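**Q** Sharing data-v3.txt (compact mmCIF, C-alpha atoms) below.
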# COMPACT_ATOMS: atom_id res chain seq x y z
CA MET J 967 -5.23 -47.38 -48.74
CA ASN J 968 -1.92 -47.86 -50.47
CA ALA J 969 1.49 -49.01 -49.43
CA SER J 970 4.23 -46.46 -49.09
CA PRO J 971 5.52 -44.78 -52.28
CA ASP J 972 8.94 -46.23 -51.48
CA SER J 973 7.65 -49.63 -52.62
CA ALA J 974 7.84 -48.42 -56.22
CA LYS J 975 11.20 -48.24 -57.99
CA PRO J 976 12.64 -44.99 -59.42
CA PRO J 977 11.56 -43.13 -61.48
CA LEU J 978 8.05 -44.41 -60.65
CA GLY J 979 8.69 -44.09 -56.93
CA GLU J 980 9.90 -40.50 -57.34
CA LEU J 981 6.78 -39.66 -59.35
CA ILE J 982 4.48 -41.16 -56.69
CA GLY J 983 6.39 -39.16 -54.10
CA ARG J 984 5.72 -35.93 -56.00
CA LEU J 985 2.04 -36.75 -56.38
CA SER J 986 1.75 -37.61 -52.69
CA ALA J 987 2.91 -34.10 -51.80
CA LEU J 988 -0.01 -32.44 -53.63
CA HIS J 989 -2.49 -32.97 -50.80
CA GLN J 990 -1.96 -32.83 -47.06
CA LYS J 991 -4.48 -35.64 -46.49
CA ARG J 992 -4.10 -39.23 -47.67
CA ILE J 993 -7.90 -39.56 -47.83
CA ASP J 994 -10.20 -36.65 -48.68
CA LEU J 995 -13.49 -37.94 -50.08
CA GLY J 996 -15.16 -35.81 -52.76
CA LEU J 997 -15.67 -35.66 -56.51
CA GLU J 998 -14.91 -32.04 -57.45
CA ARG J 999 -11.17 -32.61 -57.94
CA MET J 1000 -11.88 -35.80 -59.87
CA HIS J 1001 -14.27 -34.09 -62.27
CA ARG J 1002 -11.70 -31.34 -62.83
CA LEU J 1003 -8.98 -33.87 -63.65
CA LEU J 1004 -11.18 -35.84 -66.03
CA GLU J 1005 -12.30 -32.70 -67.85
CA ARG J 1006 -8.68 -31.73 -68.42
CA LEU J 1007 -7.92 -35.25 -69.66
CA GLY J 1008 -10.75 -35.07 -72.22
CA HIS J 1009 -13.21 -37.20 -70.20
CA PRO J 1010 -11.64 -40.65 -70.63
CA GLU J 1011 -14.34 -42.09 -68.33
CA SER J 1012 -16.86 -41.52 -71.14
CA LYS J 1013 -14.75 -43.49 -73.65
CA LEU J 1014 -14.62 -46.80 -71.82
CA PRO J 1015 -16.10 -50.19 -72.73
CA PRO J 1016 -18.92 -51.47 -70.48
CA VAL J 1017 -18.06 -50.94 -66.79
CA ILE J 1018 -18.92 -53.17 -63.83
CA HIS J 1019 -18.63 -51.05 -60.67
CA ILE J 1020 -18.03 -52.90 -57.39
CA ALA J 1021 -18.54 -51.56 -53.85
CA GLY J 1022 -18.80 -53.22 -50.44
CA THR J 1023 -16.80 -53.77 -47.27
CA ASN J 1024 -15.38 -57.27 -47.75
CA GLY J 1025 -14.98 -59.45 -50.82
CA LYS J 1026 -14.67 -56.75 -53.50
CA GLY J 1027 -11.30 -57.94 -54.74
CA SER J 1028 -12.19 -61.63 -54.74
CA THR J 1029 -15.47 -60.97 -56.57
CA LEU J 1030 -13.59 -58.91 -59.14
CA ALA J 1031 -11.07 -61.73 -59.54
CA TYR J 1032 -13.88 -64.19 -60.34
CA LEU J 1033 -15.41 -61.73 -62.80
CA ARG J 1034 -12.09 -61.18 -64.54
CA ALA J 1035 -11.17 -64.85 -64.76
CA THR J 1036 -14.62 -65.79 -66.06
CA LEU J 1037 -14.76 -63.03 -68.66
CA GLU J 1038 -11.26 -63.89 -69.84
CA ALA J 1039 -12.24 -67.56 -70.06
CA ALA J 1040 -15.10 -66.40 -72.29
CA GLY J 1041 -12.52 -64.81 -74.60
CA LEU J 1042 -12.99 -61.16 -73.58
CA ARG J 1043 -10.32 -58.53 -72.91
CA VAL J 1044 -10.73 -57.15 -69.40
CA HIS J 1045 -9.31 -53.98 -67.86
CA ALA J 1046 -9.32 -53.97 -64.05
CA TYR J 1047 -8.67 -51.23 -61.50
CA THR J 1048 -8.24 -52.36 -57.89
CA SER J 1049 -6.92 -51.06 -54.60
CA PRO J 1050 -4.98 -51.17 -52.43
CA TYR J 1051 -1.85 -52.68 -53.86
CA LEU J 1052 0.23 -55.09 -51.84
CA VAL J 1053 3.80 -54.62 -53.06
CA ARG J 1054 3.87 -52.49 -56.24
CA ILE J 1055 1.47 -49.81 -57.44
CA ASN J 1056 1.34 -51.55 -60.84
CA GLU J 1057 -0.97 -54.15 -59.26
CA CYS J 1058 -3.81 -51.59 -59.31
CA PHE J 1059 -3.89 -51.45 -63.12
CA ARG J 1060 -4.52 -54.56 -65.22
CA LEU J 1061 -4.80 -54.07 -68.96
CA GLY J 1062 -6.93 -56.40 -71.06
CA ARG J 1063 -5.14 -58.43 -73.70
CA PRO J 1064 -6.24 -61.32 -75.91
CA GLY J 1065 -5.65 -64.48 -73.90
CA GLY J 1066 -5.47 -62.70 -70.53
CA GLY J 1067 -4.68 -59.36 -68.95
CA VAL J 1068 -1.30 -58.06 -67.79
CA LEU J 1069 -0.23 -55.62 -65.09
CA VAL J 1070 0.72 -52.27 -66.56
CA GLY J 1071 4.45 -51.82 -67.09
CA ASP J 1072 6.49 -49.12 -65.36
CA ASP J 1073 7.01 -47.04 -68.50
CA GLU J 1074 3.36 -47.02 -69.53
CA LEU J 1075 2.22 -46.27 -65.97
CA CYS J 1076 4.77 -43.47 -65.63
CA ALA J 1077 3.53 -41.92 -68.88
CA ALA J 1078 -0.10 -42.01 -67.71
CA LEU J 1079 0.68 -40.58 -64.28
CA GLU J 1080 2.89 -37.87 -65.79
CA GLU J 1081 0.05 -36.84 -68.10
CA VAL J 1082 -2.27 -36.61 -65.09
CA GLU J 1083 0.39 -34.65 -63.21
CA ARG J 1084 0.74 -32.29 -66.18
CA VAL J 1085 -2.96 -31.50 -66.53
CA ASN J 1086 -3.38 -31.20 -62.76
CA ALA J 1087 -0.81 -28.39 -62.84
CA GLY J 1088 0.12 -28.62 -59.18
CA GLU J 1089 -3.39 -28.26 -57.77
CA PRO J 1090 -4.40 -30.19 -54.63
CA ALA J 1091 -5.40 -33.80 -55.33
CA THR J 1092 -4.98 -37.07 -53.43
CA VAL J 1093 -2.83 -39.86 -54.78
CA PHE J 1094 -5.92 -42.05 -55.11
CA GLU J 1095 -7.63 -39.41 -57.26
CA LEU J 1096 -4.57 -39.00 -59.44
CA LYS J 1097 -4.06 -42.70 -59.98
CA THR J 1098 -7.79 -43.26 -60.61
CA ALA J 1099 -7.63 -40.58 -63.31
CA ALA J 1100 -4.55 -42.35 -64.69
CA ALA J 1101 -6.51 -45.62 -64.77
CA PHE J 1102 -9.32 -44.05 -66.83
CA HIS J 1103 -6.70 -42.51 -69.13
CA LEU J 1104 -4.95 -45.89 -69.61
CA PHE J 1105 -8.20 -47.79 -70.13
CA ALA J 1106 -9.47 -45.30 -72.71
CA GLN J 1107 -6.23 -45.62 -74.67
CA ASN J 1108 -6.15 -49.43 -74.71
CA PRO J 1109 -8.97 -51.40 -76.38
CA ALA J 1110 -10.90 -53.90 -74.25
CA ASP J 1111 -14.36 -55.41 -73.93
CA VAL J 1112 -15.03 -54.78 -70.21
CA VAL J 1113 -13.76 -52.61 -67.36
CA LEU J 1114 -13.92 -53.91 -63.78
CA LEU J 1115 -13.83 -50.94 -61.41
CA GLU J 1116 -13.37 -51.43 -57.67
CA VAL J 1117 -14.39 -48.68 -55.26
CA GLY J 1118 -11.54 -47.50 -53.07
CA LEU J 1119 -13.47 -46.29 -50.01
CA GLY J 1120 -17.23 -46.02 -49.52
CA GLY J 1121 -18.88 -45.29 -52.85
CA ARG J 1122 -20.84 -42.03 -52.92
CA LEU J 1123 -17.79 -39.77 -52.85
CA ASP J 1124 -15.22 -42.29 -54.05
CA SER J 1125 -13.11 -41.23 -57.02
CA THR J 1126 -14.41 -44.15 -59.10
CA ASN J 1127 -18.02 -42.94 -58.83
CA VAL J 1128 -17.87 -40.83 -61.98
CA VAL J 1129 -19.14 -43.35 -64.54
CA ASP J 1130 -22.74 -42.34 -65.26
CA THR J 1131 -23.99 -45.48 -67.00
CA PRO J 1132 -22.13 -48.64 -66.00
CA ALA J 1133 -23.33 -52.01 -67.27
CA ALA J 1134 -23.95 -53.12 -63.67
CA THR J 1135 -23.23 -52.16 -60.09
CA VAL J 1136 -22.27 -54.76 -57.50
CA ILE J 1137 -22.42 -54.57 -53.71
CA THR J 1138 -20.47 -57.16 -51.74
CA PRO J 1139 -21.17 -57.75 -48.02
CA VAL J 1140 -21.43 -54.49 -46.07
CA SER J 1141 -20.10 -54.37 -42.50
CA MET J 1142 -18.53 -51.95 -40.04
CA ASP J 1143 -15.27 -50.43 -41.27
CA HIS J 1144 -13.83 -46.98 -41.94
CA THR J 1145 -16.35 -45.50 -39.52
CA ASP J 1146 -14.30 -42.29 -39.34
CA PHE J 1147 -15.18 -41.62 -42.99
CA LEU J 1148 -18.44 -43.50 -43.64
CA GLY J 1149 -20.40 -43.15 -40.41
CA ASP J 1150 -20.70 -45.28 -37.31
CA THR J 1151 -23.84 -47.25 -38.15
CA LEU J 1152 -24.40 -50.03 -40.67
CA THR J 1153 -27.21 -47.97 -42.18
CA SER J 1154 -24.96 -44.99 -42.90
CA ILE J 1155 -22.19 -47.19 -44.30
CA ALA J 1156 -24.67 -49.03 -46.54
CA GLY J 1157 -25.94 -45.67 -47.77
CA GLU J 1158 -22.45 -44.70 -48.87
CA LYS J 1159 -21.99 -48.02 -50.69
CA ALA J 1160 -25.46 -47.99 -52.29
CA ALA J 1161 -24.80 -44.57 -53.79
CA ILE J 1162 -23.00 -46.23 -56.70
CA ILE J 1163 -26.40 -47.50 -57.93
CA LYS J 1164 -27.31 -45.72 -61.17
CA ARG J 1165 -30.69 -45.08 -62.73
CA GLY J 1166 -31.99 -48.11 -64.58
CA VAL J 1167 -28.72 -50.05 -64.19
CA PRO J 1168 -28.89 -53.58 -62.73
CA VAL J 1169 -27.57 -53.85 -59.16
CA ILE J 1170 -26.43 -57.22 -57.84
CA SER J 1171 -26.12 -57.61 -54.09
CA ALA J 1172 -24.55 -60.22 -51.86
CA GLU J 1173 -26.40 -61.42 -48.79
CA GLN J 1174 -26.61 -58.49 -46.35
CA ALA J 1175 -27.61 -57.76 -42.80
CA GLY J 1176 -31.25 -56.60 -42.65
CA GLU J 1177 -30.54 -52.89 -42.12
CA ALA J 1178 -27.99 -52.80 -44.95
CA MET J 1179 -30.33 -54.62 -47.32
CA ALA J 1180 -33.14 -52.18 -46.54
CA VAL J 1181 -30.92 -49.28 -47.61
CA ILE J 1182 -29.86 -51.02 -50.83
CA GLU J 1183 -33.46 -51.91 -51.69
CA ALA J 1184 -34.62 -48.34 -51.08
CA GLN J 1185 -31.87 -46.89 -53.27
CA ALA J 1186 -32.58 -49.40 -56.04
CA ARG J 1187 -36.28 -48.42 -55.98
CA ARG J 1188 -35.35 -44.74 -55.99
CA MET J 1189 -33.13 -45.23 -59.04
CA ARG J 1190 -35.51 -47.70 -60.70
CA ALA J 1191 -32.61 -50.10 -60.87
CA PRO J 1192 -33.40 -53.83 -61.19
CA LEU J 1193 -32.15 -55.52 -58.01
CA PHE J 1194 -30.78 -59.07 -58.04
CA ALA J 1195 -30.21 -60.02 -54.39
CA ALA J 1196 -28.67 -63.18 -52.97
CA ASN J 1197 -31.19 -65.68 -51.60
CA GLU J 1198 -33.98 -63.92 -53.48
CA SER J 1199 -33.08 -63.66 -57.17
CA TRP J 1200 -30.26 -66.18 -57.01
CA HIS J 1201 -28.84 -68.81 -54.67
CA VAL J 1202 -25.47 -70.44 -54.10
CA ASN J 1203 -24.92 -73.60 -52.08
CA VAL J 1204 -22.12 -76.01 -51.32
CA GLU J 1205 -23.04 -79.59 -52.14
CA HIS J 1206 -20.48 -82.42 -51.89
CA GLY J 1207 -17.70 -79.82 -52.03
CA ARG J 1208 -19.01 -78.28 -55.26
CA LEU J 1209 -20.61 -74.91 -55.97
CA VAL J 1210 -24.24 -75.15 -56.98
CA TYR J 1211 -25.67 -71.91 -58.37
CA SER J 1212 -29.32 -71.40 -59.25
CA ASP J 1213 -31.57 -68.62 -60.50
CA ASP J 1214 -34.70 -68.36 -62.62
CA ARG J 1215 -32.67 -69.35 -65.69
CA GLY J 1216 -31.61 -72.68 -64.26
CA LEU J 1217 -28.98 -74.44 -62.19
CA MET J 1218 -25.23 -74.86 -62.60
CA ASP J 1219 -23.15 -77.49 -60.79
CA LEU J 1220 -19.59 -76.15 -60.75
CA ALA J 1221 -16.23 -77.03 -59.24
CA ALA J 1222 -15.20 -75.39 -55.98
CA PRO J 1223 -13.22 -72.14 -56.12
CA ARG J 1224 -9.46 -72.36 -55.84
CA LEU J 1225 -9.58 -69.49 -53.33
CA PHE J 1226 -10.03 -71.00 -49.89
CA GLY J 1227 -12.93 -70.52 -47.50
CA ARG J 1228 -16.71 -70.90 -47.49
CA HIS J 1229 -17.09 -67.18 -48.17
CA GLN J 1230 -15.40 -67.67 -51.53
CA PHE J 1231 -18.38 -69.71 -52.72
CA ASP J 1232 -20.52 -66.66 -51.95
CA ASN J 1233 -18.11 -64.30 -53.74
CA ALA J 1234 -18.05 -66.59 -56.77
CA GLY J 1235 -21.85 -66.77 -56.74
CA LEU J 1236 -22.03 -62.97 -56.71
CA ALA J 1237 -19.78 -62.83 -59.77
CA ILE J 1238 -21.94 -65.40 -61.59
CA ALA J 1239 -25.13 -63.49 -60.74
CA THR J 1240 -23.56 -60.27 -62.01
CA LEU J 1241 -22.67 -61.67 -65.41
CA ARG J 1242 -26.06 -63.35 -65.78
CA ALA J 1243 -27.76 -60.00 -65.03
CA ILE J 1244 -26.05 -58.26 -67.99
CA PRO J 1245 -27.89 -59.30 -71.16
CA THR J 1246 -25.06 -58.33 -73.53
CA PHE J 1247 -22.58 -60.74 -71.95
CA LYS J 1248 -22.83 -64.28 -73.27
CA VAL J 1249 -20.98 -66.52 -70.83
CA ASN J 1250 -21.43 -70.29 -70.96
CA GLN J 1251 -21.06 -72.80 -68.15
CA ALA J 1252 -17.56 -73.82 -69.25
CA ALA J 1253 -16.36 -70.21 -68.86
CA PHE J 1254 -18.00 -69.91 -65.44
CA GLU J 1255 -16.29 -73.10 -64.29
CA ALA J 1256 -12.91 -72.02 -65.67
CA GLY J 1257 -13.24 -68.63 -64.01
CA ILE J 1258 -14.17 -69.99 -60.61
CA VAL J 1259 -11.38 -72.56 -60.62
CA GLY J 1260 -8.82 -70.20 -62.14
CA ALA J 1261 -9.39 -67.00 -60.15
CA GLU J 1262 -6.47 -65.90 -57.99
CA TRP J 1263 -6.38 -63.08 -55.43
CA PRO J 1264 -3.28 -62.70 -53.25
CA ALA J 1265 -3.39 -62.36 -49.46
CA ARG J 1266 -6.88 -63.79 -49.09
CA MET J 1267 -6.36 -67.04 -47.17
CA GLN J 1268 -3.30 -67.58 -49.33
CA ARG J 1269 -1.16 -70.61 -48.54
CA ILE J 1270 2.54 -69.70 -48.62
CA THR J 1271 4.20 -72.59 -50.42
CA SER J 1272 7.57 -71.07 -51.32
CA GLY J 1273 9.90 -68.28 -50.26
CA GLU J 1274 11.83 -67.11 -47.21
CA LEU J 1275 9.05 -67.53 -44.65
CA LEU J 1276 9.16 -71.33 -44.85
CA SER J 1277 12.82 -71.36 -43.79
CA TRP J 1278 12.12 -69.14 -40.74
CA GLY J 1279 9.16 -71.01 -39.25
CA PRO J 1280 8.96 -74.47 -37.66
CA ARG J 1281 9.82 -77.26 -40.06
CA GLY J 1282 6.71 -78.77 -41.62
CA SER J 1283 4.41 -75.94 -40.53
CA GLU J 1284 1.65 -74.45 -42.69
CA ILE J 1285 1.82 -70.69 -43.24
CA TRP J 1286 -1.29 -68.81 -44.40
CA LEU J 1287 -1.64 -65.12 -45.21
CA ASP J 1288 -4.86 -63.12 -45.03
CA GLY J 1289 -5.32 -59.36 -45.33
CA GLY J 1290 -8.54 -59.25 -43.29
CA HIS J 1291 -8.61 -56.19 -41.03
CA ASN J 1292 -12.13 -55.78 -39.63
CA ALA J 1293 -14.44 -57.91 -37.52
CA GLU J 1294 -16.18 -59.48 -40.51
CA GLY J 1295 -12.87 -60.17 -42.24
CA GLY J 1296 -11.69 -61.90 -39.08
CA ARG J 1297 -14.88 -63.94 -38.95
CA VAL J 1298 -14.49 -65.40 -42.44
CA ALA J 1299 -10.78 -66.12 -41.89
CA ALA J 1300 -11.60 -67.88 -38.61
CA ALA J 1301 -14.30 -69.91 -40.36
CA ALA J 1302 -11.80 -70.95 -43.02
CA LEU J 1303 -9.35 -72.01 -40.31
CA GLY J 1304 -12.14 -74.02 -38.69
CA ASP J 1305 -12.63 -75.88 -41.97
CA LEU J 1306 -8.90 -76.58 -42.16
CA GLU J 1307 -8.90 -77.87 -38.58
CA GLU J 1308 -11.69 -80.32 -39.44
CA ARG J 1309 -9.63 -81.67 -42.33
CA VAL J 1310 -6.21 -81.80 -40.68
CA SER J 1311 -5.82 -80.86 -37.04
CA ARG J 1312 -2.84 -78.66 -36.12
CA PRO J 1313 -2.13 -76.20 -33.33
CA LEU J 1314 -2.87 -72.66 -34.53
CA VAL J 1315 -0.76 -69.56 -34.02
CA VAL J 1316 -1.96 -66.15 -35.22
CA ILE J 1317 0.66 -63.51 -36.05
CA ALA J 1318 -1.19 -60.20 -36.25
CA GLY J 1319 -0.38 -56.63 -37.16
CA MET J 1320 -3.03 -53.92 -37.58
CA MET J 1321 -3.58 -50.26 -38.33
CA ALA J 1322 -4.23 -47.92 -35.41
CA ASN J 1323 -7.78 -47.03 -36.54
CA LYS J 1324 -9.00 -50.63 -36.57
CA ASP J 1325 -11.02 -52.52 -33.94
CA ALA J 1326 -8.30 -54.91 -32.80
CA GLN J 1327 -10.39 -56.58 -30.12
CA GLY J 1328 -13.34 -57.10 -32.47
CA PHE J 1329 -11.00 -58.62 -35.06
CA LEU J 1330 -9.06 -60.90 -32.69
CA ALA J 1331 -12.18 -62.11 -30.88
CA ASN J 1332 -12.93 -64.31 -33.89
CA PHE J 1333 -9.85 -66.42 -33.15
CA ALA J 1334 -10.37 -66.79 -29.39
CA GLY J 1335 -12.02 -70.19 -29.77
CA LEU J 1336 -9.35 -71.46 -32.15
CA THR J 1337 -6.10 -70.44 -30.49
CA ARG J 1338 -4.76 -68.93 -27.31
CA HIS J 1339 -1.44 -68.02 -28.93
CA ILE J 1340 -1.19 -64.61 -30.57
CA ILE J 1341 2.03 -62.89 -31.63
CA ALA J 1342 1.61 -59.14 -32.13
CA VAL J 1343 3.92 -57.45 -34.64
CA PRO J 1344 4.31 -53.90 -35.96
CA ILE J 1345 3.78 -53.09 -39.64
CA PRO J 1346 7.08 -51.66 -40.90
CA ASP J 1347 7.30 -48.33 -42.73
CA THR J 1348 3.56 -47.69 -42.46
CA GLU J 1349 2.09 -44.48 -41.13
CA ASN J 1350 -0.57 -44.93 -38.42
CA ALA J 1351 0.27 -48.59 -37.79
CA MET J 1352 -0.83 -49.94 -34.40
CA PRO J 1353 2.07 -50.49 -31.96
CA ALA J 1354 2.56 -54.16 -31.17
CA ASP J 1355 2.11 -53.52 -27.43
CA ARG J 1356 -1.33 -51.98 -27.97
CA LEU J 1357 -2.39 -54.90 -30.16
CA ALA J 1358 -1.10 -57.29 -27.50
CA ASP J 1359 -3.23 -55.53 -24.88
CA ALA J 1360 -6.33 -56.08 -27.01
CA ALA J 1361 -5.56 -59.81 -27.17
CA ARG J 1362 -4.99 -60.00 -23.40
CA CYS J 1363 -8.41 -58.46 -22.80
CA LEU J 1364 -9.83 -61.50 -24.58
CA GLY J 1365 -7.92 -63.88 -22.32
CA MET J 1366 -5.54 -64.89 -25.10
CA ARG J 1367 -1.89 -65.71 -24.55
CA VAL J 1368 0.03 -63.06 -26.43
CA GLU J 1369 3.56 -61.84 -26.92
CA PRO J 1370 4.93 -59.01 -29.03
CA ALA J 1371 7.69 -59.53 -31.60
CA PRO J 1372 9.71 -56.95 -33.52
CA GLY J 1373 8.72 -58.39 -36.90
CA ILE J 1374 7.58 -61.35 -38.97
CA GLU J 1375 10.97 -63.02 -39.20
CA ALA J 1376 11.52 -62.76 -35.44
CA ALA J 1377 8.04 -64.16 -34.77
CA LEU J 1378 8.56 -67.17 -37.05
CA ARG J 1379 12.04 -67.87 -35.70
CA ALA J 1380 10.70 -67.75 -32.13
CA LEU J 1381 8.06 -70.32 -33.08
CA SER J 1382 10.69 -72.56 -34.66
CA LYS J 1383 12.38 -72.86 -31.23
CA LEU J 1384 9.24 -74.25 -29.59
CA ALA J 1385 8.64 -77.98 -29.24
CA TYR J 1386 5.54 -78.90 -31.24
CA GLU J 1387 4.36 -82.49 -31.39
CA VAL J 1388 2.58 -81.56 -34.62
CA PRO J 1389 3.95 -78.70 -36.76
CA PRO J 1390 1.66 -75.68 -36.29
CA ARG J 1391 -0.66 -73.89 -38.66
CA ILE J 1392 0.36 -70.21 -38.71
CA LEU J 1393 -1.91 -67.41 -39.89
CA ILE J 1394 -0.40 -63.99 -40.58
CA THR J 1395 -3.23 -61.46 -40.66
CA GLY J 1396 -4.73 -58.12 -39.61
CA SER J 1397 -3.85 -55.76 -42.45
CA LEU J 1398 -3.31 -55.61 -46.19
CA TYR J 1399 -0.30 -53.42 -45.44
CA LEU J 1400 1.17 -56.28 -43.39
CA ALA J 1401 0.24 -58.75 -46.14
CA GLY J 1402 2.08 -56.64 -48.71
CA HIS J 1403 5.13 -56.47 -46.46
CA VAL J 1404 5.04 -60.26 -46.03
CA LEU J 1405 4.82 -60.96 -49.76
CA GLY J 1406 7.68 -58.53 -50.33
CA ILE J 1407 10.07 -60.05 -47.80
CA ASN J 1408 9.03 -63.54 -48.91
CA GLY J 1409 10.06 -62.75 -52.48
CA THR J 1410 6.61 -63.63 -53.87
CA PRO J 1411 4.95 -60.36 -54.93
CA PRO J 1412 1.73 -60.52 -56.97
CA ALA J 1413 2.40 -61.06 -60.66
Kindly transcribe the structure held in the file into structure tokens.

**A**
Amino acid sequence: MNASPDSAKPPLGELIGRLSALHQKRIDLGLERMHRLLERLGHPESKLPPVIHIAGTNGKGSTLAYLRATLEAAGLRVHAYTSPYLVRINECFRLGRPGGGVLVGDDELCAALEEVERVNAGEPATVFELKTAAAFHLFAQNPADVVLLEVGLGGRLDSTNVVDTPAATVITPVSMDHTDFLGDTLTSIAGEKAAIIKRGVPVISAEQAGEAMAVIEAQARRMRAPLFAANESWHVNVEHGRLVYSDDRGLMDLAAPRLFGRHQFDNAGLAIATLRAIPTFKVNQAAFEAGIVGAEWPARMQRITSGELLSWGPRGSEIWLDGGHNAEGGRVAAAALGDLEERVSRPLVVIAGMMANKDAQGFLANFAGLTRHIIAVPIPDTENAMPADRLADAARCLGMRVEPAPGIEAALRALSKLAYEVPPRILITGSLYLAGHVLGINGTPPA
């Protein structure tokens, strides 16, 4: 789930290119190669500070962002490993520092990847496995207080699932996605996610559909893992625009998250519940508030306020970017747009680009009641991207007015030629690959 290796500059890009050639498949779930790599590296995964392991379908990155911002506000040094990256591979590796973490530099990342390449000795391994091993190697070499570890795909056979005794495991909302790898039922997908639960380790779960929750509860019982589930062990509500969190230890009235959308209150609540479930972490209300207000996560209902895109689109328009790419991701983005419409009404245009293995109709259906204007675009330089014509056909099946465009700039310039009484609200969405491309051409990559 990464952008093309060409997005990294030489010599890092050349190194990623070499590593990409070691396995004929981009995704090949399994742990044997990972265990081999870690053994040859001297088992860095056993030399880490306390680990919080995060799985789920949607909201993993945002939840991790709240965790990181809150822990840093509490004065802790936080390593974080995330995927996919949007523009540069460095985004996957954040090293904890006093006063706040930093993305790993090219030289340090090259050194870690070259060490992994050396011990791998040319044997088959996926890029995700190799860079996950590099993350453990980097984190073991740099002192920190906490590691935040995001699952790449699934959980049971994901390369991150090699830490035997994390401090906590977290499961964000589970929904249908990656059915070609995880199974075609919610029960099977939840089983893959719940397999990160470890014996006796607290597991904190977001609100889930009934069949997914049943799987998580069964696995927690099997592993004798204390389960802290939303709406049972803890609650989060929106009252007068503020986040109100409550559990058996009391109530906190906190400012709203900076990240936009009702779902971000839920993600923030999940992060709070996680830190309150780990007895060794002492986080006060001031740190929780600072973390919720300060957390940033690019391409999740992100308002574009500077860069090239503003000069291409209609004057005075709003441009939003969201990397949602499945039906549930579309639902929460559409809900956020509904909230915006209630505040300030504007005509909505959705510019969408998706991967070929995604349910385009299920994703776009969420916007059918909000707009009839869809512009379908290809995702440049991305293997297995959905052709714009096929995406347009999916929109037409929903009765939506749709037109293809050769790219983001062409789509925005076409909109700028239309006569709007009120400047439109434009959402660019459908894929994190597209979101990364947009941030790149806009000149605003994640920092």

**Q** Compile the contact shell of J:Ser1125 as number ranges by chain: residues with an atom at most 7 Å away, counting only C-alpha atoms, same-chain residues fewer than 6 positions apart removed.

**A** J: 997, 1000, 1095, 1098

**Q** Out of J:Ile1137, J:Leu1287, J:Val1085, J:Ala1035, which residue has the shortest atom-to-atom distance to J:Arg1006 when counting all atoms listed in the file?

**A** J:Val1085

**Q** Record the distance separating atom CA of J:Leu1398 and atom CA of J:Glu1057, expressed in Å with one decimal.

**A**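 A separation of 13.4 Å between them.
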
**Q** Determine, counting all atoms listed in the file, which protein, DNA and RNA residues have an atom within 8 Å of an atom of J:Ala1239; residues of the same chain fewer than 3 positions away are not included. Present the result as a PyMOL selection string.

**A** chain J and resi 1170+1194+1200+1235-1236+1242-1243

**Q** Atom CA of J:His1001 and atom CA of J:Pro1139, how far apart in Å?

**A**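 Taking atom CA of J:Pro1139 and atom CA of J:His1001, their separation equals 28.5 Å.
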
**Q** Please determine, counting all atoms listed in the file, which residue among J:Arg1281, J:Arg1060, J:Arg1367, J:Arg1002 has the shortest atom-to-atom distance to J:Thr1048.

**A**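 So, comparing all the options, the nearest one is J:Arg1060.
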
**Q** Would you mind telling me which residue in J:Gly1118, J:Gly983, J:Pro977, J:Gly1041 lies nearest to J:Ala1077 when using only C-alpha atoms?

**A**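 Closest residue, counting only C-alpha atoms: J:Pro977.
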
**Q** Closest to J:Leu1384 among J:Ala1091, J:Thr1348, J:Pro1280, J:His1291, using only C-alpha atoms?

**A**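 Selected residue with least distance to J:Leu1384: J:Pro1280.
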
**Q** Would you please work out which residue, of J:Arg1266, J:Lys991, J:Arg1054, J:Arg1224, is nearest to J:Ala1401 when using only C-alpha atoms?

**A**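 For J:Ala1401, the nearest of the given residues is J:Arg1266.
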
**Q** How about completing stretch 1303-1308 of chain J with N, CA, C and O atoms and giving it to me as a compact mmCIF listing (two decimals), in the frame of the given file?

**A**
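That gives us out-v7.txt:
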# COMPACT_ATOMS: atom_id res chain seq x y z
N LEU J 1303 -10.26 -71.24 -41.16
CA LEU J 1303 -9.35 -72.01 -40.31
C LEU J 1303 -10.08 -73.18 -39.63
O LEU J 1303 -9.51 -74.26 -39.46
N GLY J 1304 -11.34 -72.94 -39.25
CA GLY J 1304 -12.14 -74.02 -38.69
C GLY J 1304 -12.31 -75.17 -39.67
O GLY J 1304 -12.23 -76.35 -39.29
N ASP J 1305 -12.52 -74.84 -40.94
CA ASP J 1305 -12.63 -75.88 -41.97
C ASP J 1305 -11.32 -76.65 -42.10
O ASP J 1305 -11.31 -77.88 -42.26
N LEU J 1306 -10.20 -75.92 -42.07
CA LEU J 1306 -8.90 -76.58 -42.16
C LEU J 1306 -8.68 -77.52 -40.97
O LEU J 1306 -8.15 -78.62 -41.13
N GLU J 1307 -9.08 -77.07 -39.78
CA GLU J 1307 -8.90 -77.87 -38.58
C GLU J 1307 -9.69 -79.17 -38.67
O GLU J 1307 -9.23 -80.23 -38.22
N GLU J 1308 -10.88 -79.10 -39.28
CA GLU J 1308 -11.69 -80.32 -39.44
C GLU J 1308 -11.01 -81.31 -40.37
O GLU J 1308 -11.12 -82.52 -40.21
